[in-house]
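Right, one structure below, let's go through it.
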Amino acid sequence: MDALGIDIGTTNVKVVLVRDDGTTRAVAHRPLSWTRDGDVAEQDAVALWDAVQGALGDVAAAAGRDGLQAVGAVGLCGQYSSIVPVDAAGLPLAPMRLYFDQRGTSRCFDILGRHEDAFTTWLERHPIPPVGGGLALGHLLAFQFDEPTLHEQVTAYLEPVDYVTARLTGTIAATQGSMFASQLIDNRRLGTTAYDEKLVALAGIDATRLPPLLTVGATVGPVRSEVADAIGLPVDVPVLTGMTDSCAGAQATGADQRGRIGVAIGTTGVVLSGVDELGMDLDHEVLAMPGLRTDRYLVSAENGIAGRAVEHVLASLVHARDVLGDHGADDPFTGFDAALDASPAGARGTRFLPWLSGSMSPQADPSVRGGFVGVSLDTQRVDLVRAAAEGVAHNLRWLLGPVEAFTGDPAEEIVLTGGAARSAAWSQVLADVLQRPIRTLAEPGHSGARAAAGWALEQVGAGGGDWIRLDRSFDPDPATADVHAHAQTQFTAAFDALRPLGLGS
């Protein structure tokens with residue numbers, strides 16, 4: 001049996017066709033764009049669905065005639081804490097509000113002002129307090145109270161995976177995991193299919209606009225006939241409940257195994273692990289959340305902008321097209337590995353601070369901004385590139401300690417996925433800065449979609465494939481340990497020094 005896996009990212013949609021033995025048969029992706037203006041960050045939900053359909057069509061074309069006839073399940077994963085308001089048919093009524101969108105934050109703080117027990121109640125039951133900052137609860141409050149005319153037309157507010165699932169099946173549904181960022185579910189019990197009445201009441205949310213909850217791994221419904229016919233799927237192919245990209249990353253890397261931590265570096269950087277009890281380290285923004293298991297929690301810590309920061313340096317500074325000349329490249333990562341190899345460890349004293357959109361864990365501050373420090377007359381362009389890669393690694397090193405303290409399980413091995421894992425030179429930089437062995441996945445560019453497909457196959461009784469396929473190994477170079485230890489001290493000191501400036505406020 002085959003399966004389709006769909007990964008809904010911020011900047012692209014990826015679709016894979018895999019066999020039940022874990023072999024990838026076909027891959028396709030379509031780009032996505034989004035806009036940001038101050039507190040507003042939005043994405044066209046219609047364009048998102050078009051991209052999904054386009055990528056499905058591309059995979060069908062790559063598979064050849066009757067290439068999808070063996071498909072027996074569809075799985076989805078994607079970015080979350082982004083909300084699409086939909087009508088009864090699952091069609092969007094407004095653009096999707098992305099996790100960068102800050103509207104509704106003040107209304108979250110109003111909850112804390114109205115109810116003196118709100119902070120501790122959320123901490124005990126969820127466990128994130130209602131503090132806004134791009135969380136889905138803020139989006140829900142902003143839609144409901146700031147756009148009441150639109151709210152009256154809404155049937156449900158959906159996360160991206162649930163929105164695409166609704167477009168695929170015609171059924172509106174969600175799970176405890178997909179609705180985690182709504183902050184309206186008591187997560188002390190895994191496997192629940194009900195919103196928490198006290199959290200809903202304290203927030204003042206209109207519960208009639210919340211999607212019904214299914215158990216994780218349930219079948220939402222079959223693919224609609226018009227979608228199946230368009231790409232050549234057989235009738236009645238089941239679509240399983242969607243998972244967050246954090247769950248997919250943990251599934252792909254085996255982050256739930258003792259002594260192993262998963263790191264996903266794409267647009268953002270995420271550190272993943274597992275723990276037996278619900279909880280949160282408020283000081284460092286490390287938390288336990290529902291995953292794919294009903295006996296163990298997923299530990300997730302969002303490190304903030306990561307691969308996107310490096311891409312920005314490459315596209316806007318190194319390969320820029322502007323009045324100074326055309327230095328562009330079709331692929332901004334052209335020459336990336338060569339540049340890393342041409343600059344010594346420590347980038348000749350240049351440090352890159354990757355907080356281009358504020359910092360997240362282990363020290364959250366939306367107003368702090370990044371940049372280069374330590375630039376001297378010795379600094380070369382390749383040093384800026386290496387400093388960017390090292391800066392992302394130093395931010396992760398800063399976070400690893402709190403994650404290990406939270407789980408009580410030191411990481412003997414880190415499994416890397418996402419775009420960074422495609423680069424041997426960047427993987428080595430990560431090993432050297434983190435001073436931990438790094439293993440990369442064999443197919444890191446679409447590991448989330450593969451994980452979703454593999455999970456879907458397991459739920460329909462066709463699992464057993466080799467889904468965690470480790471590829472290359474990178475051991476830390478002990479000769480660089482002192483250089484990176486000194487750089488780490490400078491990195492955190494730069495954060496403390498720049499934070500009071502509030503450059504992003």
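By order of appearance in the structure tokens: chains A, B, ..., then residues from 1 within every chain, and ligands from 1 in the order shown.
Among the residues of segment 125-220 of chain A, backbone DSSP assigns strand (DSSP E) to Ala156, Tyr157, Leu158, Ala174, Thr175, Leu213, Leu214, Thr219 and Val220 of chain A.
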Take the residues just selected and output them with C-alpha atoms as a compact mmCIF listing (two decimals), in the first residue's frame.
# COMPACT_ATOMS: atom_id res chain seq x y z
CA ALA A 156 -15.28 27.31 12.35
CA TYR A 157 -11.78 28.64 12.93
CA LEU A 158 -9.26 26.12 11.63
CA ALA A 174 -9.57 19.04 14.54
CA THR A 175 -7.64 17.27 17.31
CA LEU A 213 -12.36 17.33 18.11
CA LEU A 214 -11.46 13.81 16.96
CA THR A 219 -10.09 9.06 9.87
CA VAL A 220 -11.66 12.43 9.10
Query raised in the report: Neighbours of Ile261 of chain A within 6 Å (only C-alpha atoms; same-chain residues fewer than 3 positions away dropped), as a list in words?
Result: Ala255, Leu272, Ser273, Ala411 and Ile414 of chain A
Once you count only C-alpha atoms, what closest atom pair and distance in Å to one decimal does each residue of segment 123-162 of chain A within 12 Å of segment 26-44 of chain A have, with rows by chain and rising residue number, as a Markdown table?
| residue | atom | partner | partner_atom | distance |
| --- | --- | --- | --- | --- |
| A:Gly132 | CA | A:Asp39 | CA | 11.8 |
| A:Gly133 | CA | A:Asp39 | CA | 9.7 |
| A:Gly134 | CA | A:Asp39 | CA | 9.2 |
| A:Gly138 | CA | A:Asp39 | CA | 12.0 |
| A:His139 | CA | A:Val40 | CA | 10.7 |
| A:Ala142 | CA | A:Val40 | CA | 11.6 |
| A:Pro160 | CA | A:Gln43 | CA | 10.6 |
Report task. Could you give me, as an NGL selection string, the residues within 12 Å of Arg167 of chain A, counting only C-alpha atoms and dropping anything in the same chain fewer than 2 positions from it? Result -> :A and (45-46 or 48-50 or 52-53 or 86-92 or 158 or 160-165 or 169-173 or 220-228 or 239)
Using only N, CA and C atoms, please write the residues we just selected to a file, as a short mmCIF file (atom, residue, chain, number, x, y, z; two decimals), in the first residue's frame.
data_model
loop_
_atom_site.label_atom_id
_atom_site.label_comp_id
_atom_site.auth_asym_id
_atom_site.auth_seq_id
_atom_site.Cartn_x
_atom_site.Cartn_y
_atom_site.Cartn_z
N ALA A 45 -5.38 31.98 2.00
CA ALA A 45 -5.80 30.59 2.21
C ALA A 45 -6.25 29.94 0.90
N VAL A 46 -6.77 30.72 -0.03
CA VAL A 46 -7.15 30.17 -1.34
C VAL A 46 -5.90 29.74 -2.09
N LEU A 48 -3.13 28.86 -0.76
CA LEU A 48 -2.62 27.68 -0.08
C LEU A 48 -3.28 26.42 -0.62
N TRP A 49 -4.60 26.44 -0.74
CA TRP A 49 -5.30 25.26 -1.27
C TRP A 49 -4.91 25.00 -2.73
N ASP A 50 -4.76 26.06 -3.49
CA ASP A 50 -4.31 25.89 -4.88
C ASP A 50 -2.93 25.23 -4.94
N VAL A 52 -1.65 23.20 -2.68
CA VAL A 52 -1.82 21.79 -2.32
C VAL A 52 -2.30 20.99 -3.52
N GLN A 53 -3.32 21.51 -4.21
CA GLN A 53 -3.83 20.80 -5.39
C GLN A 53 -2.76 20.69 -6.47
N VAL A 86 -13.52 29.80 8.31
CA VAL A 86 -14.17 29.14 7.17
C VAL A 86 -15.67 29.09 7.35
N ASP A 87 -16.36 28.90 6.21
CA ASP A 87 -17.81 28.72 6.24
C ASP A 87 -18.14 27.23 6.35
N ALA A 88 -19.40 26.89 6.23
CA ALA A 88 -19.83 25.51 6.43
C ALA A 88 -19.22 24.56 5.40
N ALA A 89 -18.85 25.07 4.24
CA ALA A 89 -18.24 24.23 3.21
C ALA A 89 -16.73 24.14 3.35
N GLY A 90 -16.18 24.79 4.39
CA GLY A 90 -14.73 24.78 4.58
C GLY A 90 -14.00 25.80 3.75
N LEU A 91 -14.73 26.73 3.14
CA LEU A 91 -14.12 27.76 2.29
C LEU A 91 -13.71 28.95 3.14
N PRO A 92 -12.54 29.55 2.86
CA PRO A 92 -12.05 30.65 3.70
C PRO A 92 -12.86 31.92 3.51
N LEU A 158 -10.06 27.32 11.83
CA LEU A 158 -9.26 26.12 11.63
C LEU A 158 -7.77 26.43 11.52
N PRO A 160 -4.05 25.32 9.88
CA PRO A 160 -3.77 24.97 8.48
C PRO A 160 -4.04 23.51 8.12
N VAL A 161 -3.58 22.56 8.98
CA VAL A 161 -3.79 21.14 8.63
C VAL A 161 -5.27 20.79 8.63
N ASP A 162 -6.02 21.41 9.53
CA ASP A 162 -7.45 21.11 9.58
C ASP A 162 -8.21 21.80 8.44
N TYR A 163 -7.71 22.95 8.02
CA TYR A 163 -8.29 23.63 6.86
C TYR A 163 -8.10 22.81 5.60
N VAL A 164 -6.87 22.33 5.36
CA VAL A 164 -6.62 21.53 4.16
C VAL A 164 -7.37 20.20 4.24
N THR A 165 -7.45 19.61 5.43
CA THR A 165 -8.23 18.39 5.60
C THR A 165 -9.69 18.62 5.24
N THR A 169 -11.72 16.66 2.33
CA THR A 169 -12.79 15.72 2.69
C THR A 169 -14.18 16.32 2.75
N GLY A 170 -14.27 17.64 2.92
CA GLY A 170 -15.57 18.26 3.14
C GLY A 170 -16.02 18.19 4.58
N THR A 171 -15.16 17.70 5.48
CA THR A 171 -15.51 17.55 6.89
C THR A 171 -14.65 18.48 7.75
N ILE A 172 -15.30 19.25 8.60
CA ILE A 172 -14.61 20.16 9.51
C ILE A 172 -14.34 19.43 10.82
N ALA A 173 -13.08 19.30 11.18
CA ALA A 173 -12.69 18.61 12.41
C ALA A 173 -11.28 19.04 12.79
N VAL A 220 -10.75 11.30 9.21
CA VAL A 220 -11.66 12.43 9.10
C VAL A 220 -12.72 12.13 8.06
N GLY A 221 -12.33 11.50 6.98
CA GLY A 221 -13.25 11.14 5.92
C GLY A 221 -12.50 10.77 4.66
N PRO A 222 -13.20 10.32 3.64
CA PRO A 222 -12.54 10.01 2.38
C PRO A 222 -12.27 11.29 1.58
N VAL A 223 -11.29 11.23 0.68
CA VAL A 223 -11.03 12.35 -0.22
C VAL A 223 -12.26 12.57 -1.09
N ARG A 224 -12.67 13.83 -1.21
CA ARG A 224 -13.83 14.17 -2.04
C ARG A 224 -13.62 13.67 -3.47
N SER A 225 -14.69 13.22 -4.09
CA SER A 225 -14.60 12.60 -5.41
C SER A 225 -14.00 13.52 -6.45
N GLU A 226 -14.33 14.83 -6.39
CA GLU A 226 -13.80 15.75 -7.39
C GLU A 226 -12.29 15.93 -7.26
N VAL A 227 -11.78 15.88 -6.01
CA VAL A 227 -10.33 15.97 -5.80
C VAL A 227 -9.66 14.68 -6.25
N ALA A 228 -10.25 13.54 -5.85
CA ALA A 228 -9.68 12.24 -6.22
C ALA A 228 -9.65 12.06 -7.73
N VAL A 239 -8.51 10.10 4.75
CA VAL A 239 -7.62 11.18 5.17
C VAL A 239 -7.59 11.16 6.69
#
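You can rank A:Ser178, A:Thr121, A:Gly232, A:Gly262 by their closest distance to Asp58 of chain A using only C-alpha atoms, and at the top of that list sits A:Gly232.
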Requested in this report: Name the residues in contact with Gly22 of chain A at a cut-off of 12 Å, using only C-alpha atoms, excluding same-chain residues fewer than 5 positions from it; report them as a list of chain:residue names.
Outcome: A:Met1, A:Asp2, A:Ala3, A:Leu4, A:Gly5, A:Val16, A:Leu17, A:Ala252, A:Ala442, A:Glu443, A:Ser447, A:Ala449, A:Arg450, A:Ala451, A:Ala452, A:Ala453, A:Gly454, A:Trp455, A:Leu457, A:Glu458, A:Ala462, A:Gly463, A:Gly464, A:Gly465, A:Asp466, A:Trp467, A:Ile468, A:Arg469
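Shortest atom-to-atom contact with Gln363 of chain A among A:Glu311, A:Asp378, A:Asp496, A:Asp482: A:Asp496, counting only C-alpha atoms.
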With 8 Å as the cut-off and only C-alpha atoms counted, what is the closest atom pair between each nearby residue of segment 87-154 of chain A and segment 185-198 of chain A? Distances in Å to one decimal, ordered by chain and number, as CSV.
residue,atom,partner,partner_atom,distance
A:Arg125,CA,A:Asp186,CA,4.8
A:His126,CA,A:Asn187,CA,5.4
A:Pro127,CA,A:Asn187,CA,7.7
Tell me, counting only C-alpha atoms, for each residue of segment 417-457 of chain A within 9 Å of segment 332-353 of chain A, which pair of atoms is nearest and how far apart they are in Å to one decimal, in rows ordered by chain and increasing number, as JSON lines.
{"residue": "A:Ser423", "atom": "CA", "partner": "A:Asp337", "partner_atom": "CA", "distance": 6.7}
{"residue": "A:Ala424", "atom": "CA", "partner": "A:Asp337", "partner_atom": "CA", "distance": 7.3}
{"residue": "A:Ala425", "atom": "CA", "partner": "A:Asp337", "partner_atom": "CA", "distance": 5.3}
{"residue": "A:Trp426", "atom": "CA", "partner": "A:Asp337", "partner_atom": "CA", "distance": 7.1}
{"residue": "A:Val429", "atom": "CA", "partner": "A:Ala345", "partner_atom": "CA", "distance": 8.2}
{"residue": "A:Asp432", "atom": "CA", "partner": "A:Ala345", "partner_atom": "CA", "distance": 8.7}
Query raised in the report: Quick one: residues within 10 Å of Ala203 of chain A, only C-alpha atoms counted, chain neighbours fewer than 6 positions away excluded, as a list in words?
Result: Arg107, Cys108, Asp110, Ile111, Leu112, Arg114, His115, Ala118, Pro130, Leu137, Gly138, Leu140, Leu141, Gln183, Leu184 and Glu197 of chain A
What would the file look like if the residues just selected were written as a compact mmCIF listing (two decimals), in the first residue's frame with all heavy atoms?
# COMPACT_ATOMS: atom_id res chain seq x y z
N ARG A 107 -6.00 41.50 23.96
CA ARG A 107 -7.20 40.81 24.46
C ARG A 107 -6.83 39.60 25.31
O ARG A 107 -7.57 39.22 26.22
CB ARG A 107 -8.11 40.43 23.31
CG ARG A 107 -8.70 41.64 22.59
CD ARG A 107 -9.91 41.30 21.77
NE ARG A 107 -10.53 42.48 21.19
CZ ARG A 107 -11.41 43.26 21.82
NH1 ARG A 107 -11.76 42.96 23.07
NH2 ARG A 107 -11.92 44.30 21.22
N CYS A 108 -5.70 38.97 25.01
CA CYS A 108 -5.21 37.89 25.87
C CYS A 108 -4.83 38.42 27.24
O CYS A 108 -5.18 37.83 28.28
CB CYS A 108 -4.02 37.19 25.22
SG CYS A 108 -4.42 36.20 23.76
N ASP A 110 -6.07 40.99 28.60
CA ASP A 110 -7.32 41.36 29.27
C ASP A 110 -7.87 40.21 30.09
O ASP A 110 -8.49 40.42 31.15
CB ASP A 110 -8.37 41.79 28.23
CG ASP A 110 -8.07 43.15 27.61
OD1 ASP A 110 -7.23 43.88 28.18
OD2 ASP A 110 -8.65 43.46 26.55
N ILE A 111 -7.67 38.97 29.61
CA ILE A 111 -8.12 37.80 30.36
C ILE A 111 -7.43 37.76 31.72
O ILE A 111 -8.07 37.54 32.76
CB ILE A 111 -7.83 36.50 29.59
CG1 ILE A 111 -8.57 36.48 28.26
CG2 ILE A 111 -8.19 35.27 30.42
CD1 ILE A 111 -8.14 35.35 27.34
N LEU A 112 -6.13 38.01 31.72
CA LEU A 112 -5.37 38.01 32.97
C LEU A 112 -5.84 39.13 33.89
O LEU A 112 -5.85 38.97 35.12
CB LEU A 112 -3.88 38.17 32.66
CG LEU A 112 -3.23 37.03 31.86
CD1 LEU A 112 -1.79 37.39 31.50
CD2 LEU A 112 -3.26 35.73 32.63
N ARG A 114 -8.94 40.35 33.95
CA ARG A 114 -10.32 40.09 34.42
C ARG A 114 -10.38 39.00 35.48
O ARG A 114 -11.25 39.02 36.36
CB ARG A 114 -11.20 39.65 33.25
CG ARG A 114 -11.53 40.73 32.25
CD ARG A 114 -12.69 40.31 31.37
NE ARG A 114 -12.48 39.02 30.70
CZ ARG A 114 -11.96 38.90 29.48
NH1 ARG A 114 -11.58 39.98 28.82
NH2 ARG A 114 -11.82 37.71 28.94
N HIS A 115 -9.46 38.04 35.40
CA HIS A 115 -9.56 36.86 36.26
C HIS A 115 -8.22 36.65 36.97
O HIS A 115 -7.22 36.30 36.33
CB HIS A 115 -9.90 35.61 35.44
CG HIS A 115 -11.11 35.78 34.57
ND1 HIS A 115 -12.39 35.79 35.08
CD2 HIS A 115 -11.23 35.96 33.23
CE1 HIS A 115 -13.26 35.95 34.07
NE2 HIS A 115 -12.57 36.06 32.95
N ALA A 118 -6.50 33.33 36.33
CA ALA A 118 -6.33 32.88 34.95
C ALA A 118 -4.92 32.34 34.70
O ALA A 118 -4.76 31.29 34.07
CB ALA A 118 -6.62 34.03 33.98
N PRO A 130 -2.26 32.77 28.91
CA PRO A 130 -2.82 33.55 27.80
C PRO A 130 -2.13 34.89 27.63
O PRO A 130 -2.62 35.92 28.07
CB PRO A 130 -4.29 33.72 28.21
CG PRO A 130 -4.26 33.72 29.70
CD PRO A 130 -3.15 32.78 30.09
N LEU A 137 -4.98 31.58 20.23
CA LEU A 137 -6.01 32.18 21.07
C LEU A 137 -6.18 33.66 20.77
O LEU A 137 -7.29 34.18 20.72
CB LEU A 137 -5.68 31.97 22.55
CG LEU A 137 -6.66 32.61 23.55
CD1 LEU A 137 -8.08 32.07 23.36
CD2 LEU A 137 -6.19 32.39 24.99
N GLY A 138 -5.06 34.36 20.56
CA GLY A 138 -5.14 35.78 20.22
C GLY A 138 -5.84 36.00 18.90
O GLY A 138 -6.62 36.95 18.74
N LEU A 140 -8.16 34.04 17.59
CA LEU A 140 -9.58 33.77 17.81
C LEU A 140 -10.26 34.97 18.47
O LEU A 140 -11.37 35.38 18.06
CB LEU A 140 -9.75 32.53 18.70
CG LEU A 140 -9.21 31.20 18.16
CD1 LEU A 140 -9.39 30.10 19.20
CD2 LEU A 140 -9.89 30.82 16.86
N LEU A 141 -9.63 35.55 19.47
CA LEU A 141 -10.21 36.70 20.17
C LEU A 141 -10.31 37.91 19.24
O LEU A 141 -11.31 38.65 19.27
CB LEU A 141 -9.36 37.04 21.39
CG LEU A 141 -9.41 36.02 22.54
CD1 LEU A 141 -8.31 36.30 23.55
CD2 LEU A 141 -10.78 36.04 23.21
N GLN A 183 -5.30 27.14 23.10
CA GLN A 183 -5.22 27.22 24.56
C GLN A 183 -6.57 27.02 25.24
O GLN A 183 -6.84 27.58 26.30
CB GLN A 183 -4.61 28.57 24.98
CG GLN A 183 -3.20 28.78 24.47
CD GLN A 183 -2.64 30.13 24.84
OE1 GLN A 183 -2.67 31.05 24.03
NE2 GLN A 183 -2.15 30.27 26.06
N LEU A 184 -7.40 26.20 24.66
CA LEU A 184 -8.76 25.98 25.18
C LEU A 184 -9.03 24.54 25.57
O LEU A 184 -10.18 24.15 25.78
CB LEU A 184 -9.79 26.43 24.13
CG LEU A 184 -9.73 27.91 23.74
CD1 LEU A 184 -10.65 28.20 22.57
CD2 LEU A 184 -10.09 28.80 24.93
N GLU A 197 -14.34 23.65 29.54
CA GLU A 197 -15.38 24.66 29.76
C GLU A 197 -14.85 25.86 30.53
O GLU A 197 -15.23 27.00 30.24
CB GLU A 197 -16.57 24.03 30.48
CG GLU A 197 -17.33 23.01 29.65
CD GLU A 197 -18.53 22.45 30.39
OE1 GLU A 197 -18.77 22.87 31.55
OE2 GLU A 197 -19.24 21.61 29.80
For Phe145 of chain A, please output as a PDB file with C-alpha atoms, in the first residue's frame all residues within 10 Å (counting only C-alpha atoms; exclusion window: fewer than 5 positions along the same chain).
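Result went into around-v8.pdb, see below:
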ATOM      1  CA  GLY A 104      -5.335  39.859  19.748  1.00  0.00           C
ATOM      2  CA  ARG A 107      -7.196  40.814  24.459  1.00  0.00           C
ATOM      3  CA  LEU A 140      -9.583  33.771  17.812  1.00  0.00           C
ATOM      4  CA  LEU A 150     -17.024  38.399   9.889  1.00  0.00           C
ATOM      5  CA  HIS A 151     -17.356  36.318  13.056  1.00  0.00           C
ATOM      6  CA  GLY A 204     -14.806  34.524  26.577  1.00  0.00           C
ATOM      7  CA  ILE A 205     -14.572  32.483  23.383  1.00  0.00           C
TER       8      ILE A 205
END
Report task. Compile the contact shell of Val270 of chain A as an MDAnalysis selection string: residues with an atom at most 10 Å away, counting only C-alpha atoms, same-chain residues fewer than 5 positions apart removed. Result -> chainID A and resid 245:246 249:250 262:265 300:306 361 396 399
Next, dump the selected residues to file, keeping only C-alpha atoms, as a PDB file, in the first residue's frame.
ATOM      1  CA  ASP A 245       5.051  20.178  12.153  1.00  0.00           C
ATOM      2  CA  SER A 246       6.563  19.701  15.619  1.00  0.00           C
ATOM      3  CA  GLY A 249       9.600  16.495  13.200  1.00  0.00           C
ATOM      4  CA  ALA A 250       9.623  14.350  16.336  1.00  0.00           C
ATOM      5  CA  GLY A 262      15.507  16.117  17.298  1.00  0.00           C
ATOM      6  CA  VAL A 263      16.365  19.474  15.748  1.00  0.00           C
ATOM      7  CA  ALA A 264      14.433  20.821  12.780  1.00  0.00           C
ATOM      8  CA  ILE A 265      15.918  23.806  10.974  1.00  0.00           C
ATOM      9  CA  SER A 300       8.903  21.389  21.898  1.00  0.00           C
ATOM     10  CA  ALA A 301      10.967  24.557  22.139  1.00  0.00           C
ATOM     11  CA  GLU A 302      10.703  27.121  19.339  1.00  0.00           C
ATOM     12  CA  ASN A 303      14.095  28.728  18.860  1.00  0.00           C
ATOM     13  CA  GLY A 304      12.775  31.344  16.417  1.00  0.00           C
ATOM     14  CA  ILE A 305      13.926  32.336  12.925  1.00  0.00           C
ATOM     15  CA  ALA A 306      16.767  30.030  11.832  1.00  0.00           C
ATOM     16  CA  SER A 361      13.074  30.319  23.520  1.00  0.00           C
ATOM     17  CA  LEU A 396      20.357  26.308  19.529  1.00  0.00           C
ATOM     18  CA  LEU A 399      18.456  26.305  24.218  1.00  0.00           C
TER      19      LEU A 399
END
Query raised in the report: Of the residues A:Leu210, A:Leu356, A:Val375, A:Leu199, which is the one nearest to Leu503 of chain A, using only C-alpha atoms?
Result: A:Leu356
